[in-house]
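These notes are about the structure you will find just below.
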Amino acid sequence: MADASAPRTGRAFAPYPFVPERFPAALPPLRDGVDRSRHRVAIVGAGPVGYCVAIGLAVQGIDSVLIEADDSVCAGSRAICISRRSLEIIDRLGALPGFLATGLPWTGGRSFYREREVLRFTMPNDANQRLPPMLNLAQYHIEQILLERARELSDRIDLRWQTRLTGLEPHADGVRARLATPLGDYALEADWLVATDGGRSVVRESLGLALTGTNYEGRYVIVDVAMPSDRPTERLAFFDPPCNPGSTVLVHKQPQDVWRIDYQLRRDEDAEAAVRPENVLPRVESLLAMIGETAAWAPIWISLYRANALTLERYRHGRVLFAGDAAHLVPIFGVRGANSGIDDADNLAWKLAAVLQGLATDRLLDSYSEERVAAAKENLRHGTKSTEFMAPPSFAFEWMRTAVLGLAVRHESVRSLINPRQTSPIAYTGSSLSRAVESSADFAAGPAPGSVLVEAPLGPRTPSPRAADGHGAYLTQLLGSHFTLLHFSKGGTLPADLGGLDAEMRGLGIRWHTVLIDPGTDDASATLAARYDAANGASYLVRPDGHVLARWRRCAAKDVRLAVARVLDRIGAHGGGG
Amino acid sequence: MNAEDLDTVYTDLCRAMTAVGEAQAPILLARFALLAIVEIADAGRLRRLIAAAAEDLAEATGKRES
Ligand SMILES: Cc1cc2nc3c(=O)[nH]c(=O)nc-3n(C[C@H](O)[C@H](O)[C@H](O)COP(=O)(O)OP(=O)(O)OC[C@H]3O[C@@H](n4cnc5c(N)ncnc54)[C@H](O)[C@@H]3O)c2cc1C
């Protein structure tokens with residue numbers, strides 16, 4: 001859709017302030033047209049989600065081959081808003097510094113109806129947080145930073161550019177993929193295949209699977225422009241603005257003086273004409289004039305977007321696992337696309353690693369599908385609500401929106417209907433993994449089984465291997481590729497039988513980390529214990545993906561052993577009933 | 001009523017209007033208003049609500065030149 005030629009309006013296009021590195025194709029050693037090595041995991045598609053799967057597996061000690069059709073990271077206007085939950089995951093993958101160095105943090109936004117402000121919203125944020133609720137950076141930056149991390153792990157991640165999957169044969173114990181490169185075609189065999197090949201997934205098509213759900217009619221023109229401005233980073237929404245009556249316009253700031261402007265097309269507008277620069281640029285010009293931007297600006301990229309709310313019914317099909325846009329397409333409104341895909345990757349990596357390391361049976365991967373399909377449905381529910389407001393699917397939604405916006409000026413009680421419902425962490429409520437383990441039911445506060453850890457600062461004496469000098473550390477920094485047992489104990493000693501768990505679990509090959517929190521040592525620890533309703537002797541057992549697996553008022557090593565055995569489905573394996 | 005409930009009911013109403021179609025939707029809204037009136041059953045409050053709904057209507061929804 002981009003048009004680099006000078007448009008008839010005379011305004012020249014600018015390039016993105018990012019020049020992607022191009023990578024050559026390469027062929028592995030072949031025998032009879034087949035890759036000589038059989039791989040444990042093949043990941044198809046190096047978008048944000050494919051990178052997160054590959055890096056997530058690598059930090060768990062699993063090698064993979066990552067196949068990418070293109071010769072560089074993505075171009076054009078795609079994801080820009082990355083959530084706090086995604087940043088926590090990216091932190092565990094070892095790529096956070098790049099995100100924080102490049103991205104623009106923000107906490108809220110404003111909505112206008114005609115000339116009047118009708119909503120100011122903020123996303124959940126408080127003094128307990130380490131990371132911003134949202135960070136803006138372009139998808140090419142996201143992919144570039146993840147690519148750099150993947151290259152640091154190149155002994156585990158075999159990245160193959162300009163290699164396109166063209167067909168797939170599923171087998172009981174693996175897959176055979178047909179790959180095309182400019183140097184010739186070959187086949188590749190792997191025990192498992194992770195499909196992260198995006199919305200038009202060839203893997204999905206090869207298996208004869210289809211996404212189901214709703215396609216929306218409402219269309220948005222997406223324009224990236226280069227413009228220096230000191231305007232703060234926030235989400236601006238204009239409904240029926242004087243500069244573009246009848247339309248809805250969104251404005252977001254990106255790093256390096258790039259601005260994202262989205263506006264809705266009227267029902268009667270022709271899509272092809274709508275993306276022509278001579279039709280786009282005057283609308284952008286009048287928007288910028290309306291918000292008082294006077295600096296010189298240049299268009300960079302123009303594309304058309306139409307919302308979808310679609311998912312596969314299951315994300316595991318034998319030895320093939322789907323993640324990201326290949327598994328589900330959620331509307332851009334509420335920014336759940338890449339963010340939910342990063343969560344898919346995080347859920348999948350530790351489970352697939354546990355299966356490959358012989359620690360768990362492959363039933364653990366059914367829970368990946370179960371948990372992430374449920375999450376997708378929740379994301380679709382919220383994304384659908386956002387879309388129904390941003391791109392009303394019928395006269396009724398349009399009338400009601402007009403009612404809300406007009407009344408919102410004077411009636412605060414209707415303003416919540418304008419809130420953009422930005423992505424928020426999803427709890428795996430009712431997940432079979434949480435149900436398999438008995439937790440104490442009488443906690444009055446703190447994250448319930450299935451929920452993600454609630455962030456909190458740690459006291460100076462809580463050991464925190466990932467905080468540089470042990471200071472300023474936060475709870476989520478205790479997480480890693482391992483299970484984490486948080487044990488609250490006054491006096492600061494582990495009961496003898498829990499003390500042996502670290503060595504015992506590691507002896508079984510299970511990544512494990514027991515952390516002792518003494519609520520008596522300092523204010524931060526006391527506050528944390530109160531927020532987690534963790535009286536003396538309480539424990540939280542946290543999965544490698546940061547979701548709480550179980551919590552107990554009091555627990556003995558045998559409870560923990562049983563929980564792990566149940567989750568990894570290895571009751572028979574080592575008599576986890578203990 | 002919390003924001004989530006408001007949201008859900010709002011969407012239910014939009015769906016009900018969509019289902020009967022644009023021609024019948026005003027009648028559906030009128031019937032809904034009537035049922036809400038008898039449920040709220042407070043003449044003073046209802047008069048204020050009617051006034052609030054009418055207030056600024058032209059300004060808030062009318063066509064503009066440009
Ligand atoms: C305008 C717009 C704005 C958006 N804004 C946001 C936002 O703010 N926040 C957010 O979270 N999400 C946003 N999204 C959604 C987000 O871009 C996607 O959800 C995200 O890119 C999905 O990542 P993915 O890795 O699953 O797929 P993709 O990013 O599509 O990556 C798939 C990769 O697979 C490769 N590939 C495809 N087919 C093959 C094949 N046959 N063989 C080998 N490789 C193949 C492709 O080249 C590509 O590199 C936005 C999307 C759009 C269009």
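Ordered as shown in the structure tokens, chains take letters A, B, and onward, while each chain numbers its residues from 1 and ligands are numbered from 1 in the order shown.
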Please build the interface table for chain A against ligand 1 with a cut-off of 8 Å, listing for each qualifying residue the nearest atom pair and the distance in Å to one decimal; count only C-alpha atoms and all ligand atoms, order rows by chain and increasing number, and write it as CSV.
```
residue,atom,partner,partner_atom_place_in_ligand_line,distance
A:Val44,CA,ligand 1,43 (C),5.2
A:Gly45,CA,ligand 1,34 (O),3.1
A:Ala46,CA,ligand 1,49 (O),4.6
A:Gly47,CA,ligand 1,31 (O),3.5
A:Pro48,CA,ligand 1,25 (O),4.2
A:Val49,CA,ligand 1,25 (O),3.8
A:Gly50,CA,ligand 1,25 (O),5.4
A:Tyr51,CA,ligand 1,25 (O),7.5
A:Ile67,CA,ligand 1,43 (C),5.4
A:Glu68,CA,ligand 1,44 (N),3.9
A:Ala69,CA,ligand 1,44 (N),3.9
A:Asp70,CA,ligand 1,47 (O),5.0
A:Val73,CA,ligand 1,49 (O),6.8
A:Cys74,CA,ligand 1,49 (O),6.3
A:Ser77,CA,ligand 1,1 (C),5.5
A:Arg78,CA,ligand 1,2 (C),3.8
A:Ala79,CA,ligand 1,6 (C),3.1
A:Ile80,CA,ligand 1,8 (O),3.9
A:Cys81,CA,ligand 1,8 (O),3.7
A:Ile82,CA,ligand 1,9 (N),5.7
A:Ser83,CA,ligand 1,11 (O),7.6
A:Asn136,CA,ligand 1,8 (O),7.7
A:Gln139,CA,ligand 1,17 (O),7.0
A:Gln162,CA,ligand 1,43 (C),7.8
A:Thr163,CA,ligand 1,43 (C),5.9
A:Arg164,CA,ligand 1,42 (N),3.6
A:Leu165,CA,ligand 1,42 (N),3.9
A:Thr166,CA,ligand 1,41 (N),5.8
A:Leu179,CA,ligand 1,42 (N),7.6
A:Thr196,CA,ligand 1,26 (O),5.2
A:Asp197,CA,ligand 1,34 (O),3.5
A:Gly198,CA,ligand 1,30 (O),3.6
A:Gly199,CA,ligand 1,30 (O),5.8
A:Arg200,CA,ligand 1,38 (N),6.8
A:Ser201,CA,ligand 1,38 (N),5.7
A:Val202,CA,ligand 1,41 (N),5.0
A:Val203,CA,ligand 1,41 (N),7.0
A:Ile222,CA,ligand 1,1 (C),6.0
A:Ser303,CA,ligand 1,1 (C),7.7
A:Leu304,CA,ligand 1,1 (C),7.8
A:Tyr305,CA,ligand 1,1 (C),6.2
A:Ala323,CA,ligand 1,26 (O),6.4
A:Gly324,CA,ligand 1,26 (O),3.5
A:Asp325,CA,ligand 1,26 (O),3.9
A:Ala326,CA,ligand 1,26 (O),5.8
A:Ala327,CA,ligand 1,26 (O),7.9
A:Leu329,CA,ligand 1,19 (O),6.9
A:Val330,CA,ligand 1,19 (O),7.3
A:Pro331,CA,ligand 1,15 (C),7.8
A:Ile332,CA,ligand 1,4 (C),5.2
A:Phe333,CA,ligand 1,5 (N),7.9
A:Gly334,CA,ligand 1,9 (N),7.8
A:Val335,CA,ligand 1,9 (N),4.0
A:Arg336,CA,ligand 1,11 (O),4.6
A:Gly337,CA,ligand 1,19 (O),3.3
A:Ala338,CA,ligand 1,11 (O),3.3
A:Asn339,CA,ligand 1,11 (O),4.0
A:Ser340,CA,ligand 1,11 (O),6.7
A:Gly341,CA,ligand 1,26 (O),5.8
```
May I have all residues of segment 12-128 of chain A that DSSP, computed from the backbone, assigns to strand (DSSP E), given as a VMD selection string?
chain A and resid 30 to 31 34 to 35 39 to 44 64 to 67 81 to 83 104 to 106 108 to 113 116 to 122
Take the selection from the previous step and output its residues with C-alpha atoms, as an mmCIF file, in the first residue's frame.
```
data_model
loop_
_atom_site.group_PDB
_atom_site.id
_atom_site.type_symbol
_atom_site.label_atom_id
_atom_site.label_comp_id
_atom_site.auth_asym_id
_atom_site.auth_seq_id
_atom_site.Cartn_x
_atom_site.Cartn_y
_atom_site.Cartn_z
ATOM 1 C CA LEU A 30 21.120 -31.559 2.509
ATOM 2 C CA ARG A 31 20.741 -35.224 1.808
ATOM 3 C CA VAL A 34 16.178 -32.986 2.936
ATOM 4 C CA ASP A 35 17.888 -31.023 5.720
ATOM 5 C CA HIS A 39 15.096 -30.564 14.366
ATOM 6 C CA ARG A 40 13.348 -30.681 17.685
ATOM 7 C CA VAL A 41 11.305 -27.564 16.982
ATOM 8 C CA ALA A 42 10.691 -25.668 13.760
ATOM 9 C CA ILE A 43 9.111 -22.235 14.176
ATOM 10 C CA VAL A 44 7.548 -20.826 11.025
ATOM 11 C CA SER A 64 14.997 -24.421 17.353
ATOM 12 C CA VAL A 65 15.082 -23.473 13.710
ATOM 13 C CA LEU A 66 13.236 -20.234 12.922
ATOM 14 C CA ILE A 67 12.041 -19.921 9.347
ATOM 15 C CA CYS A 81 1.507 -0.255 21.663
ATOM 16 C CA ILE A 82 3.163 -2.847 23.899
ATOM 17 C CA SER A 83 1.567 -3.571 27.252
ATOM 18 C CA LEU A 104 7.829 5.947 24.669
ATOM 19 C CA PRO A 105 5.989 5.142 27.910
ATOM 20 C CA TRP A 106 2.452 6.458 28.462
ATOM 21 C CA GLY A 108 -3.626 7.429 29.413
ATOM 22 C CA GLY A 109 -5.399 9.539 26.872
ATOM 23 C CA ARG A 110 -8.242 11.852 25.957
ATOM 24 C CA SER A 111 -11.290 11.596 23.734
ATOM 25 C CA PHE A 112 -13.134 14.451 22.070
ATOM 26 C CA TYR A 113 -16.581 14.741 20.545
ATOM 27 C CA ARG A 116 -15.402 19.124 23.413
ATOM 28 C CA GLU A 117 -13.351 16.805 25.594
ATOM 29 C CA VAL A 118 -15.602 13.957 26.733
ATOM 30 C CA LEU A 119 -13.186 11.519 28.394
ATOM 31 C CA ARG A 120 -9.838 11.412 30.126
ATOM 32 C CA PHE A 121 -8.732 7.893 30.935
ATOM 33 C CA THR A 122 -5.745 6.374 32.636
#
```
Tell me as a compact mmCIF listing (two decimals) with N, CA and C atoms, in the first residue's frame which residues belonging to chain B come within 12 Å of chain A, counting only C-alpha atoms.
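Final output, iface-v2.txt:
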```txt
# COMPACT_ATOMS: atom_id res chain seq x y z
N MET B 1 -24.98 0.26 39.20
CA MET B 1 -24.53 -0.54 38.05
C MET B 1 -23.07 -0.20 37.75
N ASN B 2 -22.20 -1.21 37.63
CA ASN B 2 -20.80 -0.92 37.33
C ASN B 2 -20.60 -0.77 35.81
N ALA B 3 -19.37 -0.34 35.46
CA ALA B 3 -19.08 -0.03 34.06
C ALA B 3 -19.29 -1.25 33.15
N GLU B 4 -18.92 -2.41 33.66
CA GLU B 4 -19.04 -3.65 32.88
C GLU B 4 -20.51 -3.97 32.57
N ASP B 5 -21.35 -3.82 33.60
CA ASP B 5 -22.79 -4.07 33.41
C ASP B 5 -23.39 -3.06 32.43
N LEU B 6 -23.00 -1.81 32.60
CA LEU B 6 -23.49 -0.76 31.70
C LEU B 6 -23.14 -1.10 30.26
N ASP B 7 -21.89 -1.51 30.09
CA ASP B 7 -21.39 -1.88 28.78
C ASP B 7 -22.20 -3.03 28.17
N THR B 8 -22.47 -4.01 28.99
CA THR B 8 -23.18 -5.20 28.51
C THR B 8 -24.61 -4.85 28.10
N VAL B 9 -25.28 -4.09 28.95
CA VAL B 9 -26.67 -3.73 28.66
C VAL B 9 -26.74 -2.84 27.42
N TYR B 10 -25.79 -1.92 27.33
CA TYR B 10 -25.69 -1.03 26.17
C TYR B 10 -25.59 -1.86 24.88
N THR B 11 -24.72 -2.86 24.92
CA THR B 11 -24.53 -3.70 23.74
C THR B 11 -25.80 -4.52 23.46
N ASP B 12 -26.44 -5.00 24.51
CA ASP B 12 -27.69 -5.75 24.32
C ASP B 12 -28.73 -4.89 23.61
N LEU B 13 -28.81 -3.64 24.02
CA LEU B 13 -29.79 -2.75 23.39
C LEU B 13 -29.44 -2.51 21.92
N CYS B 14 -28.14 -2.28 21.66
CA CYS B 14 -27.71 -2.09 20.27
C CYS B 14 -28.08 -3.30 19.43
N ARG B 15 -27.86 -4.49 19.98
CA ARG B 15 -28.16 -5.72 19.24
C ARG B 15 -29.66 -5.84 18.99
N ALA B 16 -30.46 -5.52 20.01
CA ALA B 16 -31.91 -5.62 19.86
C ALA B 16 -32.39 -4.66 18.76
N MET B 17 -31.82 -3.46 18.74
CA MET B 17 -32.20 -2.49 17.70
C MET B 17 -31.77 -2.97 16.33
N THR B 18 -30.55 -3.51 16.26
CA THR B 18 -30.05 -4.01 14.98
C THR B 18 -30.97 -5.12 14.47
N ALA B 19 -31.41 -5.97 15.39
CA ALA B 19 -32.22 -7.12 14.99
C ALA B 19 -33.56 -6.70 14.39
N VAL B 20 -34.19 -5.63 14.92
CA VAL B 20 -35.49 -5.24 14.36
C VAL B 20 -35.35 -4.35 13.13
N GLY B 21 -34.15 -3.80 12.92
CA GLY B 21 -33.93 -3.00 11.72
C GLY B 21 -34.18 -1.53 11.97
N GLU B 22 -33.65 -0.73 11.04
CA GLU B 22 -33.64 0.72 11.24
C GLU B 22 -35.05 1.31 11.30
N ALA B 23 -35.99 0.75 10.53
CA ALA B 23 -37.35 1.33 10.49
C ALA B 23 -38.07 1.11 11.82
N GLN B 24 -37.88 -0.05 12.40
CA GLN B 24 -38.60 -0.39 13.64
C GLN B 24 -37.87 0.05 14.91
N ALA B 25 -36.58 0.36 14.77
CA ALA B 25 -35.78 0.66 15.96
C ALA B 25 -36.35 1.81 16.80
N PRO B 26 -36.84 2.90 16.18
CA PRO B 26 -37.39 3.97 17.02
C PRO B 26 -38.57 3.49 17.86
N LEU B 28 -38.95 0.44 18.93
CA LEU B 28 -38.37 -0.36 20.01
C LEU B 28 -37.86 0.55 21.13
N LEU B 29 -37.18 1.63 20.74
CA LEU B 29 -36.67 2.57 21.75
C LEU B 29 -37.81 3.20 22.54
N LEU B 49 -34.86 13.55 33.46
CA LEU B 49 -34.20 12.71 32.44
C LEU B 49 -34.66 13.10 31.03
N ALA B 51 -35.72 16.01 30.12
CA ALA B 51 -35.11 17.30 29.81
C ALA B 51 -33.64 17.12 29.43
N ALA B 52 -32.93 16.25 30.17
CA ALA B 52 -31.51 16.02 29.89
C ALA B 52 -31.33 15.41 28.50
N ALA B 53 -32.23 14.51 28.13
CA ALA B 53 -32.12 13.88 26.81
C ALA B 53 -32.35 14.90 25.69
N ALA B 54 -33.22 15.87 25.97
CA ALA B 54 -33.54 16.86 24.93
C ALA B 54 -32.50 17.99 24.88
N GLU B 55 -31.86 18.23 26.01
CA GLU B 55 -30.92 19.35 26.12
C GLU B 55 -29.79 19.19 25.10
N ASP B 56 -29.45 20.25 24.43
CA ASP B 56 -28.31 20.23 23.48
C ASP B 56 -28.50 19.26 22.32
N LEU B 57 -29.67 18.69 22.18
CA LEU B 57 -29.80 17.63 21.17
C LEU B 57 -29.38 18.13 19.79
N ALA B 58 -29.88 19.29 19.43
CA ALA B 58 -29.57 19.82 18.11
C ALA B 58 -28.06 20.07 17.99
N GLU B 59 -27.53 20.67 19.05
CA GLU B 59 -26.10 21.01 19.01
C GLU B 59 -25.24 19.75 18.99
N ALA B 60 -25.66 18.75 19.77
CA ALA B 60 -24.84 17.55 19.92
C ALA B 60 -24.94 16.59 18.75
N THR B 61 -26.02 16.68 18.01
CA THR B 61 -26.18 15.68 16.95
C THR B 61 -26.47 16.30 15.60
N GLY B 62 -26.75 17.60 15.56
CA GLY B 62 -27.19 18.21 14.31
C GLY B 62 -26.10 18.23 13.26
N LYS B 63 -26.50 18.36 12.02
CA LYS B 63 -25.54 18.50 10.92
C LYS B 63 -24.86 19.85 11.06
N ARG B 64 -23.59 19.85 10.66
CA ARG B 64 -22.88 21.12 10.71
C ARG B 64 -22.50 21.52 9.31
N GLU B 65 -22.39 22.82 9.12
CA GLU B 65 -21.84 23.24 7.83
C GLU B 65 -20.36 22.94 7.88
N SER B 66 -19.72 22.71 6.80
CA SER B 66 -18.32 22.38 6.54
C SER B 66 -18.26 21.04 5.86
```
Non-local contacts of segment 480-489 of chain A (7 Å; only C-alpha atoms; under 4 positions in same chain excluded) as an MDAnalysis selection string
chainID A and resid 59:60 92 493 511:519 534:544
Determine which residues of chain B receive a DSSP assignment of alpha helix (DSSP H), computed from the backbone, and state them as a VMD selection string.
chain B and resid 3 to 20 25 to 40 43 to 54 57 to 61
Same residues, C-alpha atoms, saved as a PDB file, in the first residue's frame:
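Output (part38.pdb):
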```
ATOM      1  CA  ALA B   3     -19.079  -0.033  34.056  1.00  0.00           C
ATOM      2  CA  GLU B   4     -19.036  -3.646  32.876  1.00  0.00           C
ATOM      3  CA  ASP B   5     -22.791  -4.069  33.407  1.00  0.00           C
ATOM      4  CA  LEU B   6     -23.487  -0.755  31.701  1.00  0.00           C
ATOM      5  CA  ASP B   7     -21.387  -1.883  28.778  1.00  0.00           C
ATOM      6  CA  THR B   8     -23.180  -5.199  28.507  1.00  0.00           C
ATOM      7  CA  VAL B   9     -26.668  -3.734  28.657  1.00  0.00           C
ATOM      8  CA  TYR B  10     -25.685  -1.029  26.171  1.00  0.00           C
ATOM      9  CA  THR B  11     -24.535  -3.702  23.735  1.00  0.00           C
ATOM     10  CA  ASP B  12     -27.688  -5.754  24.321  1.00  0.00           C
ATOM     11  CA  LEU B  13     -29.789  -2.746  23.394  1.00  0.00           C
ATOM     12  CA  CYS B  14     -27.707  -2.089  20.269  1.00  0.00           C
ATOM     13  CA  ARG B  15     -28.161  -5.725  19.243  1.00  0.00           C
ATOM     14  CA  ALA B  16     -31.914  -5.623  19.856  1.00  0.00           C
ATOM     15  CA  MET B  17     -32.197  -2.486  17.704  1.00  0.00           C
ATOM     16  CA  THR B  18     -30.053  -4.013  14.981  1.00  0.00           C
ATOM     17  CA  ALA B  19     -32.216  -7.119  14.985  1.00  0.00           C
ATOM     18  CA  VAL B  20     -35.490  -5.238  14.365  1.00  0.00           C
ATOM     19  CA  ALA B  25     -35.783   0.660  15.960  1.00  0.00           C
ATOM     20  CA  PRO B  26     -37.389   3.972  17.022  1.00  0.00           C
ATOM     21  CA  ILE B  27     -40.517   2.071  18.075  1.00  0.00           C
ATOM     22  CA  LEU B  28     -38.366  -0.360  20.005  1.00  0.00           C
ATOM     23  CA  LEU B  29     -36.667   2.566  21.754  1.00  0.00           C
ATOM     24  CA  ALA B  30     -40.060   4.131  22.514  1.00  0.00           C
ATOM     25  CA  ARG B  31     -41.316   0.900  24.036  1.00  0.00           C
ATOM     26  CA  PHE B  32     -38.109   0.517  25.996  1.00  0.00           C
ATOM     27  CA  ALA B  33     -38.442   4.114  27.266  1.00  0.00           C
ATOM     28  CA  LEU B  34     -41.990   3.434  28.369  1.00  0.00           C
ATOM     29  CA  LEU B  35     -41.001   0.312  30.277  1.00  0.00           C
ATOM     30  CA  ALA B  36     -38.093   2.203  31.871  1.00  0.00           C
ATOM     31  CA  ILE B  37     -40.546   4.969  32.887  1.00  0.00           C
ATOM     32  CA  VAL B  38     -42.841   2.614  34.733  1.00  0.00           C
ATOM     33  CA  GLU B  39     -39.870   0.905  36.386  1.00  0.00           C
ATOM     34  CA  ILE B  40     -38.243   4.162  37.507  1.00  0.00           C
ATOM     35  CA  ALA B  43     -42.148  11.611  38.063  1.00  0.00           C
ATOM     36  CA  GLY B  44     -39.639  14.259  39.125  1.00  0.00           C
ATOM     37  CA  ARG B  45     -36.645  12.183  38.149  1.00  0.00           C
ATOM     38  CA  LEU B  46     -38.220  11.183  34.873  1.00  0.00           C
ATOM     39  CA  ARG B  47     -38.961  14.785  33.937  1.00  0.00           C
ATOM     40  CA  ARG B  48     -35.326  15.644  34.598  1.00  0.00           C
ATOM     41  CA  LEU B  49     -34.199  12.715  32.437  1.00  0.00           C
ATOM     42  CA  ILE B  50     -36.472  13.783  29.581  1.00  0.00           C
ATOM     43  CA  ALA B  51     -35.106  17.303  29.812  1.00  0.00           C
ATOM     44  CA  ALA B  52     -31.507  16.022  29.890  1.00  0.00           C
ATOM     45  CA  ALA B  53     -32.121  13.881  26.814  1.00  0.00           C
ATOM     46  CA  ALA B  54     -33.535  16.856  24.932  1.00  0.00           C
ATOM     47  CA  LEU B  57     -29.799  17.634  21.169  1.00  0.00           C
ATOM     48  CA  ALA B  58     -29.566  19.816  18.108  1.00  0.00           C
ATOM     49  CA  GLU B  59     -26.100  21.011  19.013  1.00  0.00           C
ATOM     50  CA  ALA B  60     -24.836  17.550  19.925  1.00  0.00           C
ATOM     51  CA  THR B  61     -26.180  15.684  16.953  1.00  0.00           C
TER      52      THR B  61
END
```
Residue nearest Asp91 of chain A - candidates A:Asp442, A:Glu313, A:Asp71, A:Asp346, atoms counted: only C-alpha atoms:
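Once distances to Asp91 of chain A are computed over only C-alpha atoms, the minimum belongs to A:Asp346.
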Atomic distance atom CA of Glu371 of chain A - atom CA of Val452 of chain A, expressed in Å with one decimal:
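It comes out at 13.1 Å.
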